[in-house]
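This is final24.txt (compact mmCIF, N, CA, C and O atoms).
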```txt
# COMPACT_ATOMS: atom_id res chain seq x y z
N ALA A 1 12.09 -13.39 26.68
CA ALA A 1 12.81 -13.35 25.42
C ALA A 1 13.05 -11.90 24.98
O ALA A 1 14.14 -11.57 24.51
N GLU A 2 12.02 -11.06 25.12
CA GLU A 2 12.19 -9.65 24.76
C GLU A 2 13.27 -8.98 25.60
O GLU A 2 14.06 -8.20 25.09
N ARG A 3 13.30 -9.31 26.87
CA ARG A 3 14.29 -8.70 27.76
C ARG A 3 15.70 -9.11 27.33
O ARG A 3 16.61 -8.28 27.33
N GLU A 4 15.89 -10.36 26.96
CA GLU A 4 17.21 -10.81 26.49
C GLU A 4 17.62 -10.07 25.23
O GLU A 4 18.77 -9.64 25.10
N VAL A 5 16.69 -9.93 24.30
CA VAL A 5 16.99 -9.23 23.06
C VAL A 5 17.29 -7.77 23.35
O VAL A 5 18.25 -7.20 22.81
N MET A 6 16.50 -7.15 24.21
CA MET A 6 16.73 -5.75 24.54
C MET A 6 18.09 -5.55 25.20
O MET A 6 18.81 -4.61 24.89
N THR A 7 18.48 -6.45 26.09
CA THR A 7 19.79 -6.37 26.74
C THR A 7 20.89 -6.46 25.70
O THR A 7 21.85 -5.69 25.74
N ASP A 8 20.73 -7.35 24.76
CA ASP A 8 21.73 -7.52 23.71
C ASP A 8 21.78 -6.29 22.79
O ASP A 8 22.85 -5.76 22.52
N LEU A 9 20.62 -5.83 22.35
CA LEU A 9 20.57 -4.68 21.44
C LEU A 9 20.99 -3.38 22.10
O LEU A 9 21.64 -2.54 21.49
N ALA A 10 20.59 -3.20 23.35
CA ALA A 10 20.87 -1.95 24.04
C ALA A 10 22.24 -1.93 24.71
O ALA A 10 22.65 -0.91 25.25
N GLY A 11 22.93 -3.06 24.66
CA GLY A 11 24.24 -3.16 25.31
C GLY A 11 25.15 -1.96 25.07
O GLY A 11 25.65 -1.36 26.02
N PRO A 12 25.36 -1.58 23.82
CA PRO A 12 26.27 -0.45 23.56
C PRO A 12 25.62 0.93 23.74
O PRO A 12 26.31 1.94 23.67
N LEU A 13 24.34 0.97 24.00
CA LEU A 13 23.65 2.25 24.15
C LEU A 13 23.70 2.73 25.60
O LEU A 13 23.93 1.94 26.52
N PRO A 14 23.42 4.02 25.82
CA PRO A 14 23.40 4.53 27.20
C PRO A 14 22.34 3.82 28.04
O PRO A 14 21.33 3.35 27.52
N ASP A 15 22.58 3.75 29.33
CA ASP A 15 21.64 3.07 30.25
C ASP A 15 20.24 3.65 30.17
O ASP A 15 19.26 2.95 30.39
N ARG A 16 20.12 4.92 29.82
CA ARG A 16 18.80 5.56 29.78
C ARG A 16 17.89 4.91 28.73
O ARG A 16 16.67 4.92 28.89
N VAL A 17 18.48 4.31 27.69
CA VAL A 17 17.67 3.63 26.68
C VAL A 17 17.04 2.39 27.29
O VAL A 17 15.84 2.15 27.16
N ARG A 18 17.84 1.58 27.96
CA ARG A 18 17.31 0.38 28.62
C ARG A 18 16.33 0.77 29.72
O ARG A 18 15.29 0.14 29.90
N ASP A 19 16.64 1.84 30.46
CA ASP A 19 15.75 2.31 31.53
C ASP A 19 14.39 2.74 30.96
O ASP A 19 13.35 2.46 31.55
N ALA A 20 14.41 3.41 29.82
CA ALA A 20 13.16 3.84 29.18
C ALA A 20 12.34 2.64 28.75
O ALA A 20 11.12 2.60 28.91
N TRP A 21 13.00 1.61 28.23
CA TRP A 21 12.30 0.40 27.81
C TRP A 21 11.70 -0.31 29.02
O TRP A 21 10.56 -0.78 28.99
N GLU A 22 12.45 -0.38 30.11
CA GLU A 22 11.96 -1.02 31.34
C GLU A 22 10.73 -0.25 31.87
O GLU A 22 9.76 -0.86 32.31
N ALA A 23 10.79 1.08 31.82
CA ALA A 23 9.64 1.89 32.27
C ALA A 23 8.43 1.65 31.38
O ALA A 23 7.29 1.59 31.86
N TYR A 24 8.68 1.50 30.09
CA TYR A 24 7.60 1.19 29.14
C TYR A 24 6.97 -0.15 29.48
O TYR A 24 5.75 -0.28 29.58
N GLU A 25 7.79 -1.16 29.67
CA GLU A 25 7.28 -2.50 29.99
C GLU A 25 6.52 -2.52 31.31
O GLU A 25 5.51 -3.20 31.44
N ALA A 26 7.01 -1.77 32.29
CA ALA A 26 6.38 -1.74 33.61
C ALA A 26 5.22 -0.76 33.69
O ALA A 26 4.50 -0.73 34.68
N ARG A 27 5.07 0.05 32.65
CA ARG A 27 4.02 1.08 32.62
C ARG A 27 4.12 1.99 33.84
O ARG A 27 3.16 2.19 34.57
N GLU A 28 5.31 2.55 34.02
CA GLU A 28 5.59 3.38 35.19
C GLU A 28 5.19 4.84 35.02
O GLU A 28 5.31 5.62 35.96
N SER A 29 4.73 5.23 33.85
CA SER A 29 4.33 6.61 33.63
C SER A 29 3.08 6.62 32.76
O SER A 29 2.79 5.63 32.07
N PRO A 30 2.35 7.73 32.76
CA PRO A 30 1.18 7.81 31.87
C PRO A 30 1.56 7.61 30.40
O PRO A 30 0.83 6.98 29.66
N GLU A 31 2.72 8.12 30.03
CA GLU A 31 3.18 7.96 28.63
C GLU A 31 3.44 6.49 28.31
O GLU A 31 3.08 6.00 27.25
N ALA A 32 4.05 5.78 29.27
CA ALA A 32 4.34 4.35 29.07
C ALA A 32 3.04 3.55 28.97
O ALA A 32 2.93 2.63 28.16
N VAL A 33 2.06 3.90 29.78
CA VAL A 33 0.76 3.22 29.73
C VAL A 33 0.13 3.43 28.35
O VAL A 33 -0.34 2.48 27.71
N LEU A 34 0.14 4.67 27.89
CA LEU A 34 -0.45 4.98 26.58
C LEU A 34 0.24 4.20 25.46
O LEU A 34 -0.42 3.54 24.65
N VAL A 35 1.55 4.24 25.42
CA VAL A 35 2.29 3.57 24.35
C VAL A 35 2.10 2.06 24.42
O VAL A 35 1.88 1.40 23.39
N LYS A 36 2.15 1.47 25.61
CA LYS A 36 1.98 0.02 25.76
C LYS A 36 0.59 -0.41 25.31
O LYS A 36 0.44 -1.40 24.59
N GLU A 37 -0.42 0.33 25.71
CA GLU A 37 -1.78 -0.04 25.30
C GLU A 37 -1.98 0.15 23.80
O GLU A 37 -2.65 -0.66 23.17
N CYS A 38 -1.39 1.17 23.24
CA CYS A 38 -1.46 1.34 21.77
C CYS A 38 -0.79 0.16 21.07
O CYS A 38 -1.29 -0.33 20.06
N ASP A 39 0.32 -0.30 21.62
CA ASP A 39 1.02 -1.45 21.06
C ASP A 39 0.14 -2.70 21.11
O ASP A 39 0.04 -3.45 20.13
N ILE A 40 -0.50 -2.92 22.23
CA ILE A 40 -1.39 -4.08 22.39
C ILE A 40 -2.59 -3.97 21.44
O ILE A 40 -2.97 -4.94 20.77
N LEU A 41 -3.20 -2.79 21.38
CA LEU A 41 -4.36 -2.58 20.52
C LEU A 41 -4.00 -2.72 19.04
O LEU A 41 -4.83 -3.15 18.23
N ASP A 42 -2.77 -2.39 18.69
CA ASP A 42 -2.34 -2.54 17.31
C ASP A 42 -2.41 -4.00 16.87
O ASP A 42 -2.75 -4.29 15.72
N VAL A 43 -2.10 -4.92 17.76
CA VAL A 43 -2.20 -6.35 17.45
C VAL A 43 -3.65 -6.69 17.09
O VAL A 43 -3.92 -7.42 16.12
N CYS A 44 -4.59 -6.15 17.84
CA CYS A 44 -6.01 -6.41 17.57
C CYS A 44 -6.44 -5.77 16.26
O CYS A 44 -7.21 -6.36 15.49
N LEU A 45 -5.96 -4.59 16.00
CA LEU A 45 -6.27 -3.91 14.74
C LEU A 45 -5.75 -4.74 13.56
O LEU A 45 -6.44 -4.88 12.55
N GLN A 46 -4.57 -5.32 13.70
CA GLN A 46 -4.03 -6.16 12.64
C GLN A 46 -4.94 -7.37 12.40
O GLN A 46 -5.15 -7.79 11.25
N ALA A 47 -5.49 -7.94 13.46
CA ALA A 47 -6.42 -9.07 13.30
C ALA A 47 -7.64 -8.66 12.51
O ALA A 47 -8.12 -9.41 11.65
N VAL A 48 -8.17 -7.48 12.79
CA VAL A 48 -9.33 -6.98 12.04
C VAL A 48 -8.95 -6.83 10.56
O VAL A 48 -9.69 -7.28 9.67
N ILE A 49 -7.81 -6.25 10.29
CA ILE A 49 -7.37 -6.05 8.90
C ILE A 49 -7.17 -7.39 8.21
O ILE A 49 -7.63 -7.58 7.07
N TYR A 50 -6.51 -8.33 8.87
CA TYR A 50 -6.30 -9.66 8.26
C TYR A 50 -7.63 -10.32 7.94
O TYR A 50 -7.82 -10.90 6.87
N GLU A 51 -8.57 -10.23 8.86
CA GLU A 51 -9.87 -10.89 8.66
C GLU A 51 -10.65 -10.22 7.54
O GLU A 51 -11.24 -10.90 6.71
N ARG A 52 -10.64 -8.91 7.49
CA ARG A 52 -11.36 -8.19 6.43
C ARG A 52 -10.79 -8.48 5.05
O ARG A 52 -11.52 -8.55 4.07
N ASP A 53 -9.47 -8.63 4.98
CA ASP A 53 -8.82 -8.84 3.70
C ASP A 53 -8.65 -10.31 3.34
O ASP A 53 -7.99 -10.64 2.37
N ASP A 54 -9.23 -11.20 4.16
CA ASP A 54 -9.10 -12.64 3.93
C ASP A 54 -7.64 -13.07 3.81
O ASP A 54 -7.29 -13.94 3.02
N ARG A 55 -6.77 -12.44 4.63
CA ARG A 55 -5.35 -12.77 4.57
C ARG A 55 -5.00 -13.90 5.52
O ARG A 55 -3.86 -14.31 5.61
N TYR A 56 -5.96 -14.42 6.25
CA TYR A 56 -5.72 -15.52 7.19
C TYR A 56 -6.37 -16.77 6.64
O TYR A 56 -7.56 -16.82 6.41
N ASP A 57 -5.58 -17.79 6.43
CA ASP A 57 -6.09 -19.06 5.95
C ASP A 57 -5.58 -20.16 6.88
O ASP A 57 -4.42 -20.54 6.81
N PRO A 58 -6.43 -20.65 7.78
CA PRO A 58 -5.97 -21.65 8.74
C PRO A 58 -5.50 -22.94 8.08
O PRO A 58 -4.76 -23.70 8.68
N ALA A 59 -5.90 -23.19 6.85
CA ALA A 59 -5.47 -24.40 6.16
C ALA A 59 -4.04 -24.29 5.64
O ALA A 59 -3.39 -25.28 5.36
N ALA A 60 -3.55 -23.07 5.52
CA ALA A 60 -2.18 -22.87 5.04
C ALA A 60 -1.21 -23.00 6.21
O ALA A 60 -1.53 -22.65 7.34
N GLY A 61 -0.06 -23.51 5.95
CA GLY A 61 0.95 -23.62 6.99
C GLY A 61 0.66 -24.76 7.95
O GLY A 61 0.03 -25.75 7.60
N ASP A 62 1.08 -24.61 9.18
CA ASP A 62 0.91 -25.63 10.21
C ASP A 62 -0.55 -25.66 10.66
O ASP A 62 -1.02 -24.73 11.30
N PRO A 63 -1.27 -26.75 10.38
CA PRO A 63 -2.70 -26.78 10.73
C PRO A 63 -2.96 -26.76 12.23
O PRO A 63 -4.05 -26.41 12.66
N ASP A 64 -1.97 -27.10 13.05
CA ASP A 64 -2.17 -27.10 14.50
C ASP A 64 -1.76 -25.78 15.15
O ASP A 64 -1.90 -25.61 16.36
N ALA A 65 -1.27 -24.83 14.37
CA ALA A 65 -0.74 -23.59 14.93
C ALA A 65 -1.77 -22.83 15.75
O ALA A 65 -1.43 -22.23 16.76
N PHE A 66 -3.02 -22.85 15.34
CA PHE A 66 -4.06 -22.10 16.04
C PHE A 66 -5.18 -23.01 16.53
O PHE A 66 -6.31 -22.58 16.65
N ARG A 67 -4.88 -24.24 16.82
CA ARG A 67 -5.93 -25.20 17.16
C ARG A 67 -6.74 -24.81 18.38
O ARG A 67 -7.89 -25.20 18.50
N GLU A 68 -6.16 -24.02 19.30
CA GLU A 68 -6.90 -23.62 20.50
C GLU A 68 -7.86 -22.48 20.24
O GLU A 68 -8.70 -22.17 21.07
N TYR A 69 -7.74 -21.83 19.10
CA TYR A 69 -8.52 -20.64 18.83
C TYR A 69 -9.22 -20.76 17.49
O TYR A 69 -8.72 -21.35 16.56
N ALA A 70 -10.38 -20.13 17.43
CA ALA A 70 -11.09 -20.05 16.16
C ALA A 70 -10.57 -18.82 15.43
O ALA A 70 -10.47 -17.74 16.00
N ASP A 71 -10.22 -18.99 14.18
CA ASP A 71 -9.77 -17.88 13.35
C ASP A 71 -8.61 -17.13 14.03
O ASP A 71 -7.64 -17.74 14.42
N LEU A 72 -8.72 -15.85 14.17
CA LEU A 72 -7.68 -15.02 14.79
C LEU A 72 -8.05 -14.61 16.21
O LEU A 72 -7.54 -13.62 16.72
N ASP A 73 -8.89 -15.37 16.84
CA ASP A 73 -9.33 -15.06 18.20
C ASP A 73 -8.15 -14.97 19.17
O ASP A 73 -8.24 -14.30 20.20
N GLU A 74 -7.05 -15.64 18.86
CA GLU A 74 -5.88 -15.63 19.73
C GLU A 74 -5.39 -14.21 19.98
O GLU A 74 -4.95 -13.88 21.09
N PHE A 75 -5.45 -13.36 18.96
CA PHE A 75 -5.00 -11.98 19.12
C PHE A 75 -5.75 -11.31 20.28
O PHE A 75 -5.16 -10.59 21.08
N PHE A 76 -7.04 -11.56 20.34
CA PHE A 76 -7.88 -10.93 21.35
C PHE A 76 -7.75 -11.63 22.70
O PHE A 76 -7.74 -10.98 23.74
N ALA A 77 -7.63 -12.95 22.67
CA ALA A 77 -7.51 -13.71 23.92
C ALA A 77 -6.24 -13.34 24.68
O ALA A 77 -6.26 -13.24 25.91
N THR A 78 -5.16 -13.09 23.97
CA THR A 78 -3.91 -12.75 24.65
C THR A 78 -3.80 -11.26 24.97
O THR A 78 -3.05 -10.88 25.86
N SER A 79 -4.55 -10.43 24.28
CA SER A 79 -4.48 -8.99 24.50
C SER A 79 -5.39 -8.51 25.63
O SER A 79 -5.02 -7.62 26.41
N GLU A 80 -6.57 -9.09 25.71
CA GLU A 80 -7.58 -8.59 26.67
C GLU A 80 -7.07 -8.46 28.10
O GLU A 80 -7.26 -7.39 28.72
N PRO A 81 -6.41 -9.45 28.68
CA PRO A 81 -5.99 -9.30 30.08
C PRO A 81 -4.88 -8.27 30.30
O PRO A 81 -4.62 -7.87 31.43
N ARG A 82 -4.27 -7.83 29.23
CA ARG A 82 -3.16 -6.88 29.35
C ARG A 82 -3.60 -5.42 29.26
O ARG A 82 -2.81 -4.51 29.51
N ILE A 83 -4.87 -5.19 28.91
CA ILE A 83 -5.40 -3.82 28.82
C ILE A 83 -5.80 -3.37 30.22
O ILE A 83 -6.60 -4.04 30.88
N ARG A 84 -5.28 -2.22 30.66
CA ARG A 84 -5.50 -1.77 32.03
C ARG A 84 -6.41 -0.55 32.17
O ARG A 84 -6.96 -0.31 33.24
N THR A 85 -6.54 0.24 31.13
CA THR A 85 -7.28 1.49 31.28
C THR A 85 -8.69 1.35 30.72
O THR A 85 -8.97 0.51 29.88
N GLU A 86 -9.57 2.22 31.19
CA GLU A 86 -10.96 2.23 30.71
C GLU A 86 -11.00 2.55 29.21
O GLU A 86 -11.72 1.91 28.46
N THR A 87 -10.22 3.53 28.80
CA THR A 87 -10.18 3.91 27.38
C THR A 87 -9.64 2.75 26.56
O THR A 87 -10.17 2.44 25.49
N GLY A 88 -8.60 2.09 27.05
CA GLY A 88 -8.05 0.95 26.35
C GLY A 88 -9.06 -0.18 26.22
O GLY A 88 -9.19 -0.80 25.16
N ARG A 89 -9.80 -0.43 27.28
CA ARG A 89 -10.83 -1.49 27.24
C ARG A 89 -11.94 -1.13 26.26
O ARG A 89 -12.45 -1.99 25.54
N ASP A 90 -12.32 0.14 26.23
CA ASP A 90 -13.34 0.59 25.28
C ASP A 90 -12.88 0.38 23.84
O ASP A 90 -13.61 -0.17 23.02
N LEU A 91 -11.66 0.80 23.56
CA LEU A 91 -11.13 0.61 22.20
C LEU A 91 -10.99 -0.87 21.87
O LEU A 91 -11.27 -1.29 20.74
N PHE A 92 -10.56 -1.66 22.84
CA PHE A 92 -10.43 -3.10 22.65
C PHE A 92 -11.77 -3.71 22.26
O PHE A 92 -11.86 -4.49 21.32
N GLU A 93 -12.83 -3.35 23.00
CA GLU A 93 -14.16 -3.90 22.71
C GLU A 93 -14.64 -3.49 21.31
O GLU A 93 -15.26 -4.29 20.61
N ARG A 94 -14.36 -2.27 20.93
CA ARG A 94 -14.74 -1.81 19.58
C ARG A 94 -14.01 -2.62 18.51
O ARG A 94 -14.62 -3.03 17.50
N LEU A 95 -12.72 -2.83 18.71
CA LEU A 95 -11.96 -3.62 17.75
C LEU A 95 -12.44 -5.07 17.71
O LEU A 95 -12.56 -5.67 16.64
N ARG A 96 -12.72 -5.64 18.88
CA ARG A 96 -13.19 -7.03 18.91
C ARG A 96 -14.53 -7.16 18.20
O ARG A 96 -14.76 -8.12 17.47
N GLU A 97 -15.40 -6.18 18.36
CA GLU A 97 -16.69 -6.23 17.67
C GLU A 97 -16.49 -6.14 16.16
O GLU A 97 -17.14 -6.87 15.39
N ARG A 98 -15.63 -5.26 15.71
CA ARG A 98 -15.35 -5.16 14.27
C ARG A 98 -14.75 -6.45 13.73
O ARG A 98 -15.06 -6.88 12.62
N TYR A 99 -13.89 -7.06 14.53
CA TYR A 99 -13.30 -8.33 14.13
C TYR A 99 -14.38 -9.40 14.01
O TYR A 99 -14.43 -10.14 13.01
N ARG A 100 -15.26 -9.49 15.00
CA ARG A 100 -16.32 -10.51 14.96
C ARG A 100 -17.23 -10.33 13.76
O ARG A 100 -17.65 -11.30 13.13
N ILE A 101 -17.55 -9.09 13.43
CA ILE A 101 -18.39 -8.81 12.26
C ILE A 101 -17.69 -9.28 10.99
O ILE A 101 -18.30 -9.95 10.14
N ALA A 102 -16.40 -8.98 10.87
CA ALA A 102 -15.64 -9.40 9.69
C ALA A 102 -15.49 -10.91 9.63
O ALA A 102 -15.65 -11.53 8.58
N ARG A 103 -15.22 -11.53 10.79
CA ARG A 103 -15.04 -12.98 10.85
C ARG A 103 -16.31 -13.73 10.49
O ARG A 103 -16.28 -14.74 9.78
N ASP A 104 -17.45 -13.23 10.97
CA ASP A 104 -18.70 -13.95 10.80
C ASP A 104 -19.41 -13.60 9.48
O ASP A 104 -20.46 -14.18 9.20
N ALA A 105 -18.84 -12.69 8.73
CA ALA A 105 -19.47 -12.28 7.47
C ALA A 105 -19.37 -13.37 6.41
O ALA A 105 -18.54 -14.20 6.39
```
As structure tokens - that is how I would like this structure written.
Amino acid sequence: AEREVMTDLAGPLPDRVRDAWEAYEARESPEAVLVKECDILDVCLQAVIYERDDRYDPAAGDPDAFREYADLDEFFATSEPRIRTETGRDLFERLRERYRIARDA
């Protein structure tokens, strides 16, 4: 879905824009790896913030939306396998621990 949107949005732009996005997605450079992992870790950071601020209420909205996951665990379940670097894994574990502390408080 992202690729379709990117093709549509980047259509009138120079090919180098689409090429840069493809390199980012494929993590073909150290810079792309850094940016992609920061993007993934940002999702986890948002889960920590939501949990700390009590902004997540599973009773609101579609009650089956997160039935496979407890609380906001989905953020971490989908992010963990996508982290490739040691530093990224370390930061991921720190965020997951902070999330668990906030969730279980």
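You will find CA of Arg27 in chain A at 11.2 Å from CA of Arg82 in chain A.
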Please return as a ChimeraX atom specification: the residues of chain A that backbone DSSP assigns to alpha helix (DSSP H). /A:2-10,15-26,30-52,73-79,86-104
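From atom C of Ala47 in chain A back to atom N of Arg103 in chain A, the distance works out to 8.3 Å.
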Please tabulate, as JSON lines, the residues of range 12-98 of chain A that come within 8 Å of range 3-8 of chain A, each with its closest pair of atoms and the distance in Å to one decimal, counting only N, CA, C and O atoms and ordering rows by chain, then residue number upward.
```
{"residue": "A:Pro12", "atom": "N", "partner": "A:Asp8", "partner_atom": "O", "distance": 5.0}
{"residue": "A:Leu13", "atom": "N", "partner": "A:Asp8", "partner_atom": "O", "distance": 7.1}
{"residue": "A:Val17", "atom": "C", "partner": "A:Met6", "partner_atom": "O", "distance": 7.6}
{"residue": "A:Arg18", "atom": "CA", "partner": "A:Met6", "partner_atom": "O", "distance": 6.4}
```
To one decimal place in Å, what is the distance between atom N of Lys36 in chain A and atom C of Tyr24 in chain A? 6.4 Å
Would you list the residues near (-6.4, -5.0, 30.0) (no more than 12 Å away, in the coordinates of the file, using only C-alpha atoms) as number ranges by chain? A: 33, 36-38, 40-41, 76-93
My structure is short of atoms at range 89-99 of chain A; please model all heavy atoms there, returning them as a PDB file, in the frame of the given file.
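The file below, out_19.pdb, is the result:
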```pdb
ATOM      1  N   ARG A  89      -9.800  -0.430  27.280  1.00  0.00           N
ATOM      2  CA  ARG A  89     -10.830  -1.490  27.240  1.00  0.00           C
ATOM      3  C   ARG A  89     -11.940  -1.130  26.260  1.00  0.00           C
ATOM      4  O   ARG A  89     -12.450  -1.990  25.540  1.00  0.00           O
ATOM      5  CB  ARG A  89     -11.390  -1.745  28.634  1.00  0.00           C
ATOM      6  CG  ARG A  89     -10.435  -2.560  29.518  1.00  0.00           C
ATOM      7  CD  ARG A  89     -11.078  -2.990  30.832  1.00  0.00           C
ATOM      8  NE  ARG A  89     -11.435  -1.863  31.679  1.00  0.00           N
ATOM      9  CZ  ARG A  89     -10.593  -1.254  32.520  1.00  0.00           C
ATOM     10  NH1 ARG A  89      -9.358  -1.669  32.632  1.00  0.00           N
ATOM     11  NH2 ARG A  89     -11.007  -0.243  33.259  1.00  0.00           N
ATOM     12  N   ASP A  90     -12.320   0.140  26.230  1.00  0.00           N
ATOM     13  CA  ASP A  90     -13.340   0.590  25.280  1.00  0.00           C
ATOM     14  C   ASP A  90     -12.880   0.380  23.840  1.00  0.00           C
ATOM     15  O   ASP A  90     -13.610  -0.170  23.020  1.00  0.00           O
ATOM     16  CB  ASP A  90     -13.691   2.048  25.531  1.00  0.00           C
ATOM     17  CG  ASP A  90     -14.753   2.563  24.585  1.00  0.00           C
ATOM     18  OD1 ASP A  90     -15.835   1.937  24.497  1.00  0.00           O
ATOM     19  OD2 ASP A  90     -14.502   3.592  23.919  1.00  0.00           O
ATOM     20  N   LEU A  91     -11.660   0.800  23.560  1.00  0.00           N
ATOM     21  CA  LEU A  91     -11.130   0.610  22.200  1.00  0.00           C
ATOM     22  C   LEU A  91     -10.990  -0.870  21.870  1.00  0.00           C
ATOM     23  O   LEU A  91     -11.270  -1.290  20.740  1.00  0.00           O
ATOM     24  CB  LEU A  91      -9.777   1.324  22.068  1.00  0.00           C
ATOM     25  CG  LEU A  91      -9.845   2.840  22.087  1.00  0.00           C
ATOM     26  CD1 LEU A  91      -8.442   3.434  22.221  1.00  0.00           C
ATOM     27  CD2 LEU A  91     -10.544   3.375  20.849  1.00  0.00           C
ATOM     28  N   PHE A  92     -10.560  -1.660  22.840  1.00  0.00           N
ATOM     29  CA  PHE A  92     -10.430  -3.100  22.650  1.00  0.00           C
ATOM     30  C   PHE A  92     -11.770  -3.710  22.260  1.00  0.00           C
ATOM     31  O   PHE A  92     -11.860  -4.490  21.320  1.00  0.00           O
ATOM     32  CB  PHE A  92      -9.892  -3.764  23.923  1.00  0.00           C
ATOM     33  CG  PHE A  92      -9.880  -5.252  23.843  1.00  0.00           C
ATOM     34  CD1 PHE A  92      -8.826  -5.909  23.240  1.00  0.00           C
ATOM     35  CD2 PHE A  92     -10.926  -5.992  24.364  1.00  0.00           C
ATOM     36  CE1 PHE A  92      -8.823  -7.301  23.149  1.00  0.00           C
ATOM     37  CE2 PHE A  92     -10.927  -7.374  24.287  1.00  0.00           C
ATOM     38  CZ  PHE A  92      -9.871  -8.033  23.678  1.00  0.00           C
ATOM     39  N   GLU A  93     -12.830  -3.350  23.000  1.00  0.00           N
ATOM     40  CA  GLU A  93     -14.160  -3.900  22.710  1.00  0.00           C
ATOM     41  C   GLU A  93     -14.640  -3.490  21.310  1.00  0.00           C
ATOM     42  O   GLU A  93     -15.260  -4.290  20.610  1.00  0.00           O
ATOM     43  CB  GLU A  93     -15.167  -3.483  23.776  1.00  0.00           C
ATOM     44  CG  GLU A  93     -14.953  -4.166  25.106  1.00  0.00           C
ATOM     45  CD  GLU A  93     -15.034  -5.690  25.040  1.00  0.00           C
ATOM     46  OE1 GLU A  93     -15.761  -6.238  24.188  1.00  0.00           O
ATOM     47  OE2 GLU A  93     -14.360  -6.328  25.852  1.00  0.00           O
ATOM     48  N   ARG A  94     -14.360  -2.270  20.930  1.00  0.00           N
ATOM     49  CA  ARG A  94     -14.740  -1.810  19.580  1.00  0.00           C
ATOM     50  C   ARG A  94     -14.010  -2.620  18.510  1.00  0.00           C
ATOM     51  O   ARG A  94     -14.620  -3.030  17.500  1.00  0.00           O
ATOM     52  CB  ARG A  94     -14.443  -0.336  19.405  1.00  0.00           C
ATOM     53  CG  ARG A  94     -15.327   0.573  20.210  1.00  0.00           C
ATOM     54  CD  ARG A  94     -14.927   2.002  19.988  1.00  0.00           C
ATOM     55  NE  ARG A  94     -15.621   2.899  20.883  1.00  0.00           N
ATOM     56  CZ  ARG A  94     -15.706   4.189  20.665  1.00  0.00           C
ATOM     57  NH1 ARG A  94     -15.146   4.733  19.610  1.00  0.00           N
ATOM     58  NH2 ARG A  94     -16.347   4.951  21.512  1.00  0.00           N
ATOM     59  N   LEU A  95     -12.720  -2.830  18.710  1.00  0.00           N
ATOM     60  CA  LEU A  95     -11.960  -3.620  17.750  1.00  0.00           C
ATOM     61  C   LEU A  95     -12.440  -5.070  17.710  1.00  0.00           C
ATOM     62  O   LEU A  95     -12.560  -5.670  16.640  1.00  0.00           O
ATOM     63  CB  LEU A  95     -10.466  -3.582  18.081  1.00  0.00           C
ATOM     64  CG  LEU A  95      -9.760  -2.272  17.777  1.00  0.00           C
ATOM     65  CD1 LEU A  95      -8.377  -2.254  18.400  1.00  0.00           C
ATOM     66  CD2 LEU A  95      -9.687  -2.049  16.273  1.00  0.00           C
ATOM     67  N   ARG A  96     -12.720  -5.640  18.880  1.00  0.00           N
ATOM     68  CA  ARG A  96     -13.190  -7.030  18.910  1.00  0.00           C
ATOM     69  C   ARG A  96     -14.530  -7.160  18.200  1.00  0.00           C
ATOM     70  O   ARG A  96     -14.760  -8.120  17.470  1.00  0.00           O
ATOM     71  CB  ARG A  96     -13.312  -7.524  20.357  1.00  0.00           C
ATOM     72  CG  ARG A  96     -13.758  -8.982  20.386  1.00  0.00           C
ATOM     73  CD  ARG A  96     -13.531  -9.703  21.669  1.00  0.00           C
ATOM     74  NE  ARG A  96     -13.948  -8.998  22.860  1.00  0.00           N
ATOM     75  CZ  ARG A  96     -13.678  -9.431  24.088  1.00  0.00           C
ATOM     76  NH1 ARG A  96     -13.010 -10.546  24.274  1.00  0.00           N
ATOM     77  NH2 ARG A  96     -14.088  -8.751  25.137  1.00  0.00           N
ATOM     78  N   GLU A  97     -15.400  -6.180  18.360  1.00  0.00           N
ATOM     79  CA  GLU A  97     -16.690  -6.230  17.670  1.00  0.00           C
ATOM     80  C   GLU A  97     -16.490  -6.140  16.160  1.00  0.00           C
ATOM     81  O   GLU A  97     -17.140  -6.870  15.390  1.00  0.00           O
ATOM     82  CB  GLU A  97     -17.609  -5.116  18.161  1.00  0.00           C
ATOM     83  CG  GLU A  97     -18.978  -5.128  17.518  1.00  0.00           C
ATOM     84  CD  GLU A  97     -19.759  -6.430  17.744  1.00  0.00           C
ATOM     85  OE1 GLU A  97     -19.520  -7.142  18.738  1.00  0.00           O
ATOM     86  OE2 GLU A  97     -20.619  -6.732  16.899  1.00  0.00           O
ATOM     87  N   ARG A  98     -15.630  -5.260  15.710  1.00  0.00           N
ATOM     88  CA  ARG A  98     -15.350  -5.160  14.270  1.00  0.00           C
ATOM     89  C   ARG A  98     -14.750  -6.450  13.730  1.00  0.00           C
ATOM     90  O   ARG A  98     -15.060  -6.880  12.620  1.00  0.00           O
ATOM     91  CB  ARG A  98     -14.431  -3.981  13.979  1.00  0.00           C
ATOM     92  CG  ARG A  98     -15.126  -2.663  14.167  1.00  0.00           C
ATOM     93  CD  ARG A  98     -14.228  -1.502  13.887  1.00  0.00           C
ATOM     94  NE  ARG A  98     -14.959  -0.265  14.132  1.00  0.00           N
ATOM     95  CZ  ARG A  98     -14.499   0.916  13.854  1.00  0.00           C
ATOM     96  NH1 ARG A  98     -13.301   1.056  13.322  1.00  0.00           N
ATOM     97  NH2 ARG A  98     -15.217   1.979  14.109  1.00  0.00           N
ATOM     98  N   TYR A  99     -13.890  -7.060  14.530  1.00  0.00           N
ATOM     99  CA  TYR A  99     -13.300  -8.330  14.130  1.00  0.00           C
ATOM    100  C   TYR A  99     -14.380  -9.400  14.010  1.00  0.00           C
ATOM    101  O   TYR A  99     -14.430 -10.140  13.010  1.00  0.00           O
ATOM    102  CB  TYR A  99     -12.243  -8.765  15.149  1.00  0.00           C
ATOM    103  CG  TYR A  99     -11.891 -10.217  15.033  1.00  0.00           C
ATOM    104  CD1 TYR A  99     -11.101 -10.667  13.981  1.00  0.00           C
ATOM    105  CD2 TYR A  99     -12.364 -11.143  15.952  1.00  0.00           C
ATOM    106  CE1 TYR A  99     -10.802 -12.010  13.854  1.00  0.00           C
ATOM    107  CE2 TYR A  99     -12.067 -12.475  15.838  1.00  0.00           C
ATOM    108  CZ  TYR A  99     -11.285 -12.911  14.780  1.00  0.00           C
ATOM    109  OH  TYR A  99     -10.995 -14.247  14.664  1.00  0.00           O
TER     110      TYR A  99
END
```
